[in-house]
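Have a look at target-v5.csv; it's CSV, C-alpha atoms:
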```csv
chain,number,residue,atom,x,y,z
S,1,MET,CA,-34.4,24.3,28.2
S,2,THR,CA,-36.9,23.7,25.4
S,3,SER,CA,-36.9,20.4,23.7
S,4,ARG,CA,-35.3,21.5,20.4
S,5,PRO,CA,-32.0,22.7,22.0
S,6,ARG,CA,-32.1,19.6,24.1
S,7,ILE,CA,-32.3,17.4,21.0
S,8,ALA,CA,-29.5,19.5,19.3
S,9,LEU,CA,-27.3,19.1,22.4
S,10,SER,CA,-28.0,15.3,22.6
S,11,LEU,CA,-27.0,15.0,18.9
S,12,LEU,CA,-23.8,17.0,19.5
S,13,VAL,CA,-22.9,14.7,22.5
S,14,LEU,CA,-23.7,11.7,20.4
S,15,LEU,CA,-21.6,13.0,17.5
S,16,ALA,CA,-18.7,13.8,19.8
S,17,SER,CA,-18.9,10.4,21.4
S,18,ALA,CA,-19.0,8.7,18.0
S,19,GLY,CA,-15.9,10.7,17.0
S,20,ALA,CA,-14.1,9.8,20.2
S,21,ILE,CA,-15.0,6.1,19.8
S,22,LEU,CA,-13.8,6.2,16.1
S,23,ALA,CA,-10.5,7.9,17.1
S,24,GLN,CA,-10.0,5.4,19.9
S,25,SER,CA,-10.7,2.4,17.6
S,26,ASN,CA,-8.4,3.9,15.0
S,27,GLN,CA,-5.6,4.2,17.5
S,28,LYS,CA,-6.2,0.6,18.6
S,29,ASP,CA,-6.0,-0.5,15.0
S,30,VAL,CA,-2.8,1.5,14.5
S,31,ASP,CA,-1.3,-0.2,17.5
S,32,ALA,CA,-2.4,-3.6,16.3
S,33,VAL,CA,-0.9,-3.1,12.8
S,34,ARG,CA,2.4,-1.9,14.3
S,35,ALA,CA,2.4,-5.0,16.6
S,36,ALA,CA,1.7,-7.2,13.5
S,37,ASP,CA,4.6,-5.5,11.7
S,38,GLU,CA,6.9,-6.2,14.7
S,39,GLY,CA,5.6,-9.7,15.1
S,40,TRP,CA,6.3,-10.6,11.5
S,41,LEU,CA,9.9,-9.3,11.9
S,42,LYS,CA,10.3,-11.5,15.0
S,43,VAL,CA,9.3,-14.8,13.3
S,44,TYR,CA,11.4,-13.8,10.3
S,45,ASN,CA,14.5,-13.3,12.4
S,46,ALA,CA,13.7,-16.6,14.2
S,47,ARG,CA,13.9,-18.1,10.7
S,48,ASP,CA,10.5,-19.7,11.3
S,49,LEU,CA,9.3,-20.3,7.7
S,50,GLU,CA,5.8,-21.6,8.7
S,51,LYS,CA,5.0,-18.7,11.0
S,52,SER,CA,6.5,-16.2,8.6
S,53,VAL,CA,4.2,-17.4,5.8
S,54,ALA,CA,1.2,-17.5,8.3
S,55,PHE,CA,1.5,-13.7,8.6
S,56,CYS,CA,0.3,-13.5,4.9
S,57,ASP,CA,-3.2,-13.3,3.6
S,58,GLU,CA,-4.3,-16.2,1.3
S,59,GLN,CA,-4.2,-13.7,-1.6
S,60,ALA,CA,-1.0,-12.0,-0.6
S,61,SER,CA,1.6,-10.8,-3.1
S,62,MET,CA,5.3,-10.1,-2.7
S,63,LEU,CA,6.8,-7.5,-5.0
S,64,ALA,CA,10.5,-8.1,-4.8
S,65,PRO,CA,13.1,-6.4,-7.0
S,66,ASN,CA,14.4,-8.3,-10.1
S,67,THR,CA,11.7,-10.9,-10.1
S,68,PRO,CA,8.0,-10.9,-11.1
S,69,ILE,CA,5.2,-10.6,-8.5
S,70,ALA,CA,4.7,-13.7,-6.4
S,71,THR,CA,1.1,-14.4,-5.3
S,72,GLY,CA,-0.4,-17.0,-3.0
S,73,LYS,CA,1.0,-19.0,-0.1
S,74,ALA,CA,2.9,-21.6,-2.2
S,75,ALA,CA,4.8,-18.8,-4.1
S,76,LEU,CA,5.4,-16.8,-1.0
S,77,THR,CA,6.7,-19.9,0.8
S,78,GLU,CA,9.4,-20.2,-1.9
S,79,VAL,CA,10.4,-16.5,-1.7
S,80,ILE,CA,10.6,-16.5,2.1
S,81,LYS,CA,12.4,-19.8,2.2
S,82,ALA,CA,15.1,-18.5,-0.1
S,83,ASP,CA,15.5,-15.4,2.1
S,84,LEU,CA,15.7,-17.4,5.4
S,85,GLY,CA,18.1,-19.9,3.9
S,86,ARG,CA,20.8,-17.4,3.3
S,87,PRO,CA,23.9,-18.0,5.5
S,88,ASP,CA,24.0,-15.7,8.5
S,89,TYR,CA,20.9,-13.9,7.2
S,90,ASN,CA,19.7,-11.1,9.4
S,91,ILE,CA,17.1,-8.4,8.7
S,92,GLU,CA,15.8,-5.5,10.7
S,93,TRP,CA,12.9,-3.2,9.8
S,94,HIS,CA,11.0,-0.4,11.5
S,95,ALA,CA,7.7,1.2,10.6
S,96,ASP,CA,8.1,5.0,10.5
S,97,ARG,CA,4.6,5.5,9.1
S,98,VAL,CA,1.5,3.5,10.0
S,99,GLY,CA,-1.9,4.3,8.6
S,100,VAL,CA,-5.3,2.6,9.0
S,101,ALA,CA,-8.5,3.2,7.0
S,102,ARG,CA,-11.3,4.6,9.1
S,103,SER,CA,-13.2,1.4,8.6
S,104,GLY,CA,-10.3,-0.5,10.1
S,105,ASP,CA,-10.1,-3.1,7.3
S,106,LEU,CA,-7.0,-1.9,5.4
S,107,ALA,CA,-3.7,-0.5,6.6
S,108,TYR,CA,-0.1,0.2,5.6
S,109,THR,CA,3.3,0.3,7.3
S,110,VAL,CA,6.3,2.0,5.7
S,111,GLY,CA,9.8,2.2,6.9
S,112,LYS,CA,13.5,1.4,6.6
S,113,THR,CA,15.3,-1.9,6.4
S,114,GLN,CA,18.8,-3.2,7.1
S,115,SER,CA,19.9,-6.6,6.2
S,116,SER,CA,23.0,-8.8,5.8
S,117,PHE,CA,23.9,-12.3,4.7
S,118,ARG,CA,27.0,-14.2,3.5
S,119,ASP,CA,27.4,-14.6,-0.3
S,120,GLU,CA,28.7,-17.8,-2.0
S,121,SER,CA,32.3,-16.7,-1.3
S,122,GLY,CA,31.6,-16.2,2.4
S,123,LYS,CA,31.7,-12.4,2.2
S,124,LEU,CA,29.3,-10.5,4.4
S,125,VAL,CA,26.9,-8.5,2.1
S,126,SER,CA,25.1,-5.6,3.8
S,127,ASP,CA,22.1,-3.7,2.4
S,128,LYS,CA,19.9,-0.8,3.6
S,129,GLY,CA,16.6,0.1,2.0
S,130,LYS,CA,12.9,0.7,2.6
S,131,TYR,CA,9.7,-1.3,2.6
S,132,LEU,CA,6.0,-0.9,2.2
S,133,THR,CA,3.5,-3.4,3.5
S,134,ILE,CA,-0.3,-3.3,3.0
S,135,TRP,CA,-2.2,-5.1,5.7
S,136,LYS,CA,-5.8,-6.6,5.5
S,137,LYS,CA,-7.8,-7.3,8.6
S,138,GLN,CA,-9.0,-10.9,8.7
S,139,ALA,CA,-12.4,-12.2,9.7
S,140,ASP,CA,-10.9,-13.1,13.1
S,141,GLY,CA,-9.7,-9.6,13.7
S,142,SER,CA,-6.0,-10.3,13.1
S,143,TRP,CA,-4.0,-8.3,10.5
S,144,LYS,CA,-2.3,-10.1,7.7
S,145,VAL,CA,0.0,-9.0,4.9
S,146,LEU,CA,-1.8,-8.4,1.6
S,147,PHE,CA,1.1,-6.9,-0.3
S,148,ASP,CA,4.8,-6.5,0.7
S,149,THR,CA,7.4,-4.7,-1.3
S,150,PHE,CA,10.9,-3.4,-0.7
S,151,SER,CA,14.1,-2.2,-2.5
S,152,SER,CA,17.6,-1.2,-1.7
S,153,ASP,CA,18.7,2.4,-1.2
S,154,LEU,CA,22.2,1.6,-2.4
S,155,PRO,CA,23.3,2.4,-6.0
S,156,ALA,CA,22.8,-0.5,-8.4
S,157,SER,CA,26.0,-2.6,-8.4
W,1,MET,CA,-48.6,-9.3,11.1
W,2,THR,CA,-47.9,-8.4,14.6
W,3,SER,CA,-45.6,-5.4,15.3
W,4,ARG,CA,-42.5,-7.4,16.3
W,5,PRO,CA,-42.1,-9.3,13.0
W,6,ARG,CA,-42.8,-6.0,11.2
W,7,ILE,CA,-40.0,-4.3,13.1
W,8,ALA,CA,-37.7,-7.2,12.4
W,9,LEU,CA,-38.6,-7.1,8.7
W,10,SER,CA,-38.0,-3.4,8.6
W,11,LEU,CA,-34.6,-3.8,10.2
W,12,LEU,CA,-33.7,-6.5,7.7
W,13,VAL,CA,-34.8,-4.3,4.8
W,14,LEU,CA,-32.8,-1.4,6.3
W,15,LEU,CA,-29.7,-3.6,6.7
W,16,ALA,CA,-30.0,-5.0,3.2
W,17,SER,CA,-30.3,-1.4,1.8
W,18,ALA,CA,-27.3,-0.3,3.8
W,19,GLY,CA,-25.4,-3.2,2.5
W,20,ALA,CA,-26.4,-2.4,-1.1
W,21,ILE,CA,-25.5,1.3,-0.6
W,22,LEU,CA,-22.1,0.3,0.8
W,23,ALA,CA,-21.4,-2.1,-2.0
W,24,GLN,CA,-22.4,0.5,-4.6
W,25,SER,CA,-20.3,3.2,-2.9
W,26,ASN,CA,-17.3,0.8,-2.8
W,27,GLN,CA,-17.7,0.0,-6.6
W,28,LYS,CA,-17.8,3.8,-7.2
W,29,ASP,CA,-14.6,4.3,-5.2
W,30,VAL,CA,-12.9,1.4,-7.0
W,31,ASP,CA,-13.9,3.0,-10.4
W,32,ALA,CA,-12.6,6.4,-9.2
W,33,VAL,CA,-9.3,4.9,-8.0
W,34,ARG,CA,-8.8,3.1,-11.3
W,35,ALA,CA,-9.6,6.3,-13.2
W,36,ALA,CA,-7.0,8.2,-11.0
W,37,ASP,CA,-4.5,5.5,-11.8
W,38,GLU,CA,-5.1,5.9,-15.5
W,39,GLY,CA,-5.2,9.7,-15.3
W,40,TRP,CA,-1.8,9.7,-13.6
W,41,LEU,CA,-0.4,7.6,-16.5
W,42,LYS,CA,-1.9,10.0,-19.0
W,43,VAL,CA,-0.2,13.1,-17.6
W,44,TYR,CA,3.0,11.2,-17.1
W,45,ASN,CA,3.1,10.1,-20.7
W,46,ALA,CA,2.2,13.7,-21.8
W,47,ARG,CA,5.4,14.6,-19.8
W,48,ASP,CA,3.4,17.1,-17.9
W,49,LEU,CA,5.5,17.6,-14.7
W,50,GLU,CA,3.1,20.0,-12.9
W,51,LYS,CA,0.1,17.7,-13.5
W,52,SER,CA,2.1,14.6,-12.6
W,53,VAL,CA,3.1,16.1,-9.3
W,54,ALA,CA,-0.4,17.4,-8.7
W,55,PHE,CA,-1.6,13.8,-8.5
W,56,CYS,CA,0.4,13.4,-5.3
W,57,ASP,CA,-0.8,14.1,-1.7
W,58,GLU,CA,1.2,16.8,0.2
W,59,GLN,CA,2.7,14.0,2.3
W,60,ALA,CA,3.3,11.6,-0.6
W,61,SER,CA,6.4,9.4,-0.7
W,62,MET,CA,8.0,7.6,-3.6
W,63,LEU,CA,10.0,4.4,-2.9
W,64,ALA,CA,12.2,4.0,-5.9
W,65,PRO,CA,14.9,1.3,-6.2
W,66,ASN,CA,18.5,2.3,-5.4
W,67,THR,CA,17.7,5.6,-3.8
W,68,PRO,CA,16.2,6.5,-0.3
W,69,ILE,CA,12.5,7.4,0.2
W,70,ALA,CA,11.6,10.8,-1.3
W,71,THR,CA,8.8,12.6,0.6
W,72,GLY,CA,6.9,15.8,-0.1
W,73,LYS,CA,6.1,17.7,-3.3
W,74,ALA,CA,9.6,19.3,-3.7
W,75,ALA,CA,11.4,15.9,-3.5
W,76,LEU,CA,8.8,14.2,-5.8
W,77,THR,CA,9.1,17.0,-8.3
W,78,GLU,CA,12.8,16.2,-8.6
W,79,VAL,CA,12.2,12.4,-9.0
W,80,ILE,CA,9.5,12.8,-11.6
W,81,LYS,CA,11.4,15.5,-13.5
W,82,ALA,CA,14.4,13.1,-13.8
W,83,ASP,CA,12.0,10.4,-15.2
W,84,LEU,CA,10.2,12.6,-17.6
W,85,GLY,CA,13.5,14.2,-18.8
W,86,ARG,CA,14.9,10.9,-20.2
W,87,PRO,CA,15.3,10.9,-24.0
W,88,ASP,CA,12.4,9.0,-25.7
W,89,TYR,CA,11.0,8.1,-22.2
W,90,ASN,CA,7.8,6.1,-22.4
W,91,ILE,CA,6.0,4.2,-19.7
W,92,GLU,CA,2.9,2.1,-19.5
W,93,TRP,CA,1.2,0.6,-16.4
W,94,HIS,CA,-2.0,-1.2,-15.8
W,95,ALA,CA,-3.7,-1.9,-12.5
W,96,ASP,CA,-4.5,-5.6,-12.2
W,97,ARG,CA,-5.7,-5.3,-8.6
W,98,VAL,CA,-7.6,-2.4,-7.1
W,99,GLY,CA,-8.8,-2.3,-3.5
W,100,VAL,CA,-10.6,0.3,-1.5
W,101,ALA,CA,-11.2,0.3,2.3
W,102,ARG,CA,-14.9,0.1,3.3
W,103,SER,CA,-14.7,3.7,4.6
W,104,GLY,CA,-13.5,4.9,1.2
W,105,ASP,CA,-10.5,6.9,2.4
W,106,LEU,CA,-7.6,4.6,1.6
W,107,ALA,CA,-7.0,2.4,-1.6
W,108,TYR,CA,-4.4,0.6,-3.5
W,109,THR,CA,-3.6,-0.2,-7.1
W,110,VAL,CA,-1.1,-3.0,-8.1
W,111,GLY,CA,0.0,-4.0,-11.5
W,112,LYS,CA,2.6,-4.4,-14.2
W,113,THR,CA,4.8,-1.7,-15.9
W,114,GLN,CA,6.7,-1.5,-19.1
W,115,SER,CA,9.1,1.4,-19.8
W,116,SER,CA,11.8,2.4,-22.2
W,117,PHE,CA,14.2,5.3,-22.7
W,118,ARG,CA,17.5,6.1,-24.5
W,119,ASP,CA,20.6,5.9,-22.4
W,120,GLU,CA,23.6,8.2,-22.8
W,121,SER,CA,25.0,6.3,-25.8
W,122,GLY,CA,21.6,6.6,-27.5
W,123,LYS,CA,20.7,2.9,-27.0
W,124,LEU,CA,17.1,2.1,-26.3
W,125,VAL,CA,16.8,0.5,-22.8
W,126,SER,CA,13.6,-1.4,-22.1
W,127,ASP,CA,12.3,-2.6,-18.7
W,128,LYS,CA,9.4,-4.5,-17.4
W,129,GLY,CA,8.3,-4.6,-13.8
W,130,LYS,CA,5.5,-4.0,-11.3
W,131,TYR,CA,4.2,-1.2,-9.1
W,132,LEU,CA,2.1,-0.6,-6.1
W,133,THR,CA,0.4,2.7,-5.3
W,134,ILE,CA,-1.4,3.7,-2.1
W,135,TRP,CA,-4.1,6.3,-2.7
W,136,LYS,CA,-5.7,8.7,-0.2
W,137,LYS,CA,-9.0,10.4,-0.7
W,138,GLN,CA,-8.7,14.1,-0.3
W,139,ALA,CA,-11.1,16.5,1.4
W,140,ASP,CA,-12.5,17.4,-2.1
W,141,GLY,CA,-13.3,13.7,-2.8
W,142,SER,CA,-10.4,13.3,-5.3
W,143,TRP,CA,-7.9,10.5,-4.9
W,144,LYS,CA,-4.2,11.3,-4.6
W,145,VAL,CA,-1.0,9.2,-4.4
W,146,LEU,CA,0.2,8.7,-0.8
W,147,PHE,CA,2.9,6.1,-1.6
W,148,ASP,CA,4.2,4.9,-4.9
W,149,THR,CA,6.8,2.1,-5.4
W,150,PHE,CA,8.0,0.0,-8.3
W,151,SER,CA,10.8,-2.3,-9.3
W,152,SER,CA,12.1,-4.2,-12.3
W,153,ASP,CA,11.2,-7.9,-13.0
W,154,LEU,CA,14.5,-8.3,-14.9
W,155,PRO,CA,17.6,-9.8,-13.3
W,156,ALA,CA,20.0,-7.2,-11.8
W,157,SER,CA,22.4,-6.2,-14.5
```
What is this structure when it is put down as structure tokens?
Amino acid sequence: MTSRPRIALSLLVLLASAGAILAQSNQKDVDAVRAADEGWLKVYNARDLEKSVAFCDEQASMLAPNTPIATGKAALTEVIKADLGRPDYNIEWHADRVGVARSGDLAYTVGKTQSSFRDESGKLVSDKGKYLTIWKKQADGSWKVLFDTFSSDLPAS
Amino acid sequence: MTSRPRIALSLLVLLASAGAILAQSNQKDVDAVRAADEGWLKVYNARDLEKSVAFCDEQASMLAPNTPIATGKAALTEVIKADLGRPDYNIEWHADRVGVARSGDLAYTVGKTQSSFRDESGKLVSDKGKYLTIWKKQADGSWKVLFDTFSSDLPAS
């Protein structure tokens, strides 16, 4: 083998390896983002306000229906506190689509939600809907919520 | 200068250049995403259904309040058609936050919306709210909508 084909072959092997490493790292990120999405649900359902807020980036915003955007930990604490304080509050969500940028710094989860709580009269109110969360990788490698938004699938009452 | 410091210096210059190129490319992407966001508004307000749908990725989903997720061009065409068909329909939106992954393949725009249309009785209905759009860079370098979601800031009627 002359040296030119050998260099070309080496480059091909290098490129293929780089591609494989990138694909592997992307799958790792996808798994980590899915785990963060599930981890957030877990502390939410444990009604752990502090841990639920801790899943959010310092600059995180929540875009909830029928209220302006809430940005920053203080504002998000109020929003999450109101949620968790509802009598018999329960929520489930599941990410149907998870995507991570090739650079592994930005990601999204999108899926369906189901929730219920008792209203002021004690009646159980149920809802189903969807959500979209944008995740930002932190300096320590963990994934935190940068934006979270959701809405009901049911007709407006 | 001995060769070792010279190599170290060369590496530093190389790293700084790479950093500058990355920052420059990120700013270019941010500008392109902002331009796409504004371009979509333009064709929307021109009530151009075909061009409005053409801003969406093949796998795009719209997460609108009070209706399940709509995915794919056929479903999105129906959603956008219903919007654009409203009498005296007008919408404005502006991206307050634009972010692009370092790899330049995934981005978001988040901001406020204002819209109005005439209801069945001819009354002008106005709304203000917020939106979040996730953008995906296409093979040809253009940015298209991968997810779009929005909701009203006003109390539920």
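Nearest residue to Glu120 of chain S, choosing from S:Pro87, S:Ile134, S:Ser61, S:Phe147 and counting all atoms listed in the file: S:Pro87.
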Open item on the list: Using all atoms listed in the file and a distance of at most 6 Å, pull out the residues of chain W that contact chain S, as a list in words.
Closed with: Pro65, Asn66, Thr67, Pro68, Ala101, Arg102, Ser103, Leu106, Ser151, Ser152, Asp153, Leu154, Pro155 and Ala156 of chain W
All Cα atoms, paired in order, least squares: that's the fit I need for chain S onto chain W, output as a short mmCIF file (atom, residue, chain, number, x, y, z; two decimals) with C-alpha atoms, in the coordinates of the input.
```
data_model
loop_
_atom_site.label_atom_id
_atom_site.label_comp_id
_atom_site.auth_asym_id
_atom_site.auth_seq_id
_atom_site.Cartn_x
_atom_site.Cartn_y
_atom_site.Cartn_z
CA MET S 1 -48.61 -9.21 11.01
CA THR S 2 -47.81 -8.30 14.61
CA SER S 3 -45.58 -5.41 15.26
CA ARG S 4 -42.47 -7.36 16.33
CA PRO S 5 -42.06 -9.23 12.99
CA ARG S 6 -42.80 -5.98 11.28
CA ILE S 7 -39.95 -4.26 13.13
CA ALA S 8 -37.63 -7.29 12.41
CA LEU S 9 -38.54 -7.13 8.70
CA SER S 10 -38.00 -3.30 8.58
CA LEU S 11 -34.54 -3.81 10.17
CA LEU S 12 -33.68 -6.55 7.65
CA VAL S 13 -34.73 -4.22 4.72
CA LEU S 14 -32.76 -1.44 6.27
CA LEU S 15 -29.71 -3.67 6.74
CA ALA S 16 -29.96 -4.96 3.18
CA SER S 17 -30.29 -1.46 1.84
CA ALA S 18 -27.31 -0.28 3.87
CA GLY S 19 -25.30 -3.21 2.46
CA ALA S 20 -26.38 -2.44 -1.08
CA ILE S 21 -25.54 1.27 -0.65
CA LEU S 22 -22.07 0.32 0.84
CA ALA S 23 -21.36 -2.11 -2.05
CA GLN S 24 -22.45 0.50 -4.57
CA SER S 25 -20.27 3.23 -2.98
CA ASN S 26 -17.38 0.79 -2.82
CA GLN S 27 -17.69 0.03 -6.50
CA LYS S 28 -17.83 3.77 -7.25
CA ASP S 29 -14.69 4.26 -5.23
CA VAL S 30 -13.00 1.37 -7.04
CA ASP S 31 -13.87 2.96 -10.34
CA ALA S 32 -12.64 6.33 -9.20
CA VAL S 33 -9.26 4.95 -8.00
CA ARG S 34 -8.78 3.06 -11.29
CA ALA S 35 -9.62 6.31 -13.20
CA ALA S 36 -7.06 8.17 -10.97
CA ASP S 37 -4.48 5.48 -11.76
CA GLU S 38 -5.17 5.88 -15.52
CA GLY S 39 -5.23 9.63 -15.28
CA TRP S 40 -1.85 9.79 -13.61
CA LEU S 41 -0.40 7.57 -16.39
CA LYS S 42 -1.85 9.96 -19.00
CA VAL S 43 -0.21 13.15 -17.60
CA TYR S 44 3.00 11.18 -17.11
CA ASN S 45 3.11 10.10 -20.72
CA ALA S 46 2.24 13.70 -21.74
CA ARG S 47 5.42 14.59 -19.83
CA ASP S 48 3.42 17.17 -17.88
CA LEU S 49 5.59 17.59 -14.74
CA GLU S 50 3.14 19.98 -12.94
CA LYS S 51 0.10 17.77 -13.42
CA SER S 52 2.07 14.64 -12.66
CA VAL S 53 3.16 16.07 -9.29
CA ALA S 54 -0.47 17.37 -8.66
CA PHE S 55 -1.62 13.72 -8.55
CA CYS S 56 0.40 13.38 -5.24
CA ASP S 57 -0.76 14.03 -1.74
CA GLU S 58 1.16 16.78 0.17
CA GLN S 59 2.68 13.99 2.31
CA ALA S 60 3.33 11.58 -0.51
CA SER S 61 6.40 9.35 -0.69
CA MET S 62 8.09 7.67 -3.63
CA LEU S 63 9.96 4.46 -2.92
CA ALA S 64 12.17 3.99 -5.91
CA PRO S 65 14.87 1.32 -6.21
CA ASN S 66 18.53 2.33 -5.45
CA THR S 67 17.68 5.57 -3.78
CA PRO S 68 16.24 6.51 -0.35
CA ILE S 69 12.54 7.39 0.12
CA ALA S 70 11.56 10.75 -1.29
CA THR S 71 8.80 12.61 0.62
CA GLY S 72 6.94 15.82 -0.10
CA LYS S 73 6.16 17.71 -3.29
CA ALA S 74 9.62 19.33 -3.73
CA ALA S 75 11.36 15.87 -3.54
CA LEU S 76 8.81 14.22 -5.72
CA THR S 77 9.12 17.03 -8.28
CA GLU S 78 12.84 16.16 -8.61
CA VAL S 79 12.21 12.40 -8.99
CA ILE S 80 9.47 12.86 -11.59
CA LYS S 81 11.42 15.47 -13.46
CA ALA S 82 14.37 13.15 -13.83
CA ASP S 83 12.05 10.39 -15.12
CA LEU S 84 10.27 12.68 -17.67
CA GLY S 85 13.54 14.15 -18.85
CA ARG S 86 14.87 10.92 -20.15
CA PRO S 87 15.23 10.89 -23.99
CA ASP S 88 12.36 9.09 -25.68
CA TYR S 89 10.98 8.10 -22.26
CA ASN S 90 7.81 6.10 -22.40
CA ILE S 91 6.02 4.20 -19.62
CA GLU S 92 2.90 2.10 -19.53
CA TRP S 93 1.20 0.64 -16.46
CA HIS S 94 -2.02 -1.23 -15.74
CA ALA S 95 -3.76 -1.92 -12.46
CA ASP S 96 -4.54 -5.65 -12.18
CA ARG S 97 -5.71 -5.30 -8.57
CA VAL S 98 -7.64 -2.38 -7.10
CA GLY S 99 -8.84 -2.35 -3.53
CA VAL S 100 -10.66 0.30 -1.46
CA ALA S 101 -11.22 0.39 2.32
CA ARG S 102 -14.87 0.16 3.26
CA SER S 103 -14.69 3.68 4.57
CA GLY S 104 -13.55 4.84 1.16
CA ASP S 105 -10.58 6.86 2.46
CA LEU S 106 -7.66 4.57 1.52
CA ALA S 107 -7.01 2.45 -1.54
CA TYR S 108 -4.33 0.61 -3.51
CA THR S 109 -3.62 -0.24 -7.15
CA VAL S 110 -1.13 -2.94 -8.14
CA GLY S 111 -0.02 -3.98 -11.52
CA LYS S 112 2.63 -4.33 -14.21
CA THR S 113 4.80 -1.75 -15.89
CA GLN S 114 6.72 -1.44 -19.15
CA SER S 115 9.03 1.34 -19.87
CA SER S 116 11.81 2.47 -22.24
CA PHE S 117 14.18 5.38 -22.69
CA ARG S 118 17.47 6.12 -24.51
CA ASP S 119 20.68 5.86 -22.41
CA GLU S 120 23.65 8.29 -22.73
CA SER S 121 24.94 6.30 -25.74
CA GLY S 122 21.60 6.53 -27.53
CA LYS S 123 20.71 2.87 -26.95
CA LEU S 124 17.08 2.07 -26.31
CA VAL S 125 16.81 0.55 -22.74
CA SER S 126 13.63 -1.44 -22.09
CA ASP S 127 12.36 -2.56 -18.67
CA LYS S 128 9.31 -4.51 -17.39
CA GLY S 129 8.30 -4.62 -13.76
CA LYS S 130 5.48 -4.04 -11.28
CA TYR S 131 4.17 -1.22 -9.15
CA LEU S 132 2.16 -0.58 -6.05
CA THR S 133 0.42 2.69 -5.35
CA ILE S 134 -1.48 3.63 -2.16
CA TRP S 135 -4.11 6.25 -2.72
CA LYS S 136 -5.66 8.69 -0.09
CA LYS S 137 -8.98 10.35 -0.68
CA GLN S 138 -8.72 14.13 -0.34
CA ALA S 139 -11.11 16.48 1.39
CA ASP S 140 -12.52 17.36 -2.05
CA GLY S 141 -13.27 13.78 -2.86
CA SER S 142 -10.43 13.29 -5.35
CA TRP S 143 -7.87 10.46 -4.90
CA LYS S 144 -4.23 11.29 -4.62
CA VAL S 145 -1.08 9.20 -4.39
CA LEU S 146 0.16 8.71 -0.83
CA PHE S 147 2.87 6.19 -1.58
CA ASP S 148 4.20 4.87 -4.95
CA THR S 149 6.72 2.14 -5.37
CA PHE S 150 7.97 -0.02 -8.21
CA SER S 151 10.87 -2.33 -9.29
CA SER S 152 12.05 -4.18 -12.30
CA ASP S 153 11.29 -7.85 -12.96
CA LEU S 154 14.49 -8.27 -14.92
CA PRO S 155 17.62 -9.83 -13.32
CA ALA S 156 19.97 -7.27 -11.79
CA SER S 157 22.47 -6.20 -14.49
#
```
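The spacing separating atom CA of Ala82 of chain S from atom CA of Glu58 of chain S amounts to 19.6 Å.
Counting from atom CA of Val53 of chain W, the distance to atom CA of Ile80 of chain W is 7.6 Å.
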Students should find that atom CA of Thr109 of chain W and atom CA of Ala60 of chain S are spaced 13.7 Å
Practice task
Step by step: start from the point (-8.5, -14.8, 10.2) in the file's coordinates, keep every protein, DNA or RNA residue that has an atom no farther than 12 Å from it, count only C-alpha atoms, and write the set as an MDAnalysis selection string.
Solution key: chainID S and resid 54:58 136:145
Mind completing segment 123-134 of chain S with N, CA and C atoms? Output as a PDB file, in the frame of the given file, please?
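Resulting contents of part23.pdb:
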```pdb
ATOM      1  N   LYS S 123      31.642 -13.871   1.883  1.00  0.00           N
ATOM      2  CA  LYS S 123      31.700 -12.400   2.200  1.00  0.00           C
ATOM      3  C   LYS S 123      30.415 -11.923   2.739  1.00  0.00           C
ATOM      4  N   LEU S 124      30.487 -11.078   3.775  1.00  0.00           N
ATOM      5  CA  LEU S 124      29.300 -10.500   4.400  1.00  0.00           C
ATOM      6  C   LEU S 124      28.773  -9.373   3.459  1.00  0.00           C
ATOM      7  N   VAL S 125      27.558  -9.511   2.965  1.00  0.00           N
ATOM      8  CA  VAL S 125      26.900  -8.500   2.100  1.00  0.00           C
ATOM      9  C   VAL S 125      25.892  -7.746   2.930  1.00  0.00           C
ATOM     10  N   SER S 126      26.019  -6.423   3.010  1.00  0.00           N
ATOM     11  CA  SER S 126      25.100  -5.600   3.800  1.00  0.00           C
ATOM     12  C   SER S 126      24.235  -4.756   2.858  1.00  0.00           C
ATOM     13  N   ASP S 127      23.006  -4.503   3.251  1.00  0.00           N
ATOM     14  CA  ASP S 127      22.100  -3.700   2.400  1.00  0.00           C
ATOM     15  C   ASP S 127      21.290  -2.780   3.356  1.00  0.00           C
ATOM     16  N   LYS S 128      20.961  -1.596   2.882  1.00  0.00           N
ATOM     17  CA  LYS S 128      19.900  -0.800   3.600  1.00  0.00           C
ATOM     18  C   LYS S 128      18.921  -0.348   2.533  1.00  0.00           C
ATOM     19  N   GLY S 129      17.672  -0.274   2.956  1.00  0.00           N
ATOM     20  CA  GLY S 129      16.600   0.100   2.000  1.00  0.00           C
ATOM     21  C   GLY S 129      15.355   0.485   2.705  1.00  0.00           C
ATOM     22  N   LYS S 130      14.238   0.270   2.021  1.00  0.00           N
ATOM     23  CA  LYS S 130      12.900   0.700   2.600  1.00  0.00           C
ATOM     24  C   LYS S 130      11.901  -0.388   2.189  1.00  0.00           C
ATOM     25  N   TYR S 131      10.768  -0.370   2.869  1.00  0.00           N
ATOM     26  CA  TYR S 131       9.700  -1.300   2.600  1.00  0.00           C
ATOM     27  C   TYR S 131       8.354  -0.671   2.719  1.00  0.00           C
ATOM     28  N   LEU S 132       7.395  -1.305   2.112  1.00  0.00           N
ATOM     29  CA  LEU S 132       6.000  -0.900   2.200  1.00  0.00           C
ATOM     30  C   LEU S 132       5.152  -2.149   2.311  1.00  0.00           C
ATOM     31  N   THR S 133       4.344  -2.265   3.338  1.00  0.00           N
ATOM     32  CA  THR S 133       3.500  -3.400   3.500  1.00  0.00           C
ATOM     33  C   THR S 133       2.022  -2.963   3.589  1.00  0.00           C
ATOM     34  N   ILE S 134       1.136  -3.599   2.833  1.00  0.00           N
ATOM     35  CA  ILE S 134      -0.300  -3.300   3.000  1.00  0.00           C
ATOM     36  C   ILE S 134      -0.886  -4.498   3.775  1.00  0.00           C
TER      37      ILE S 134
END
```
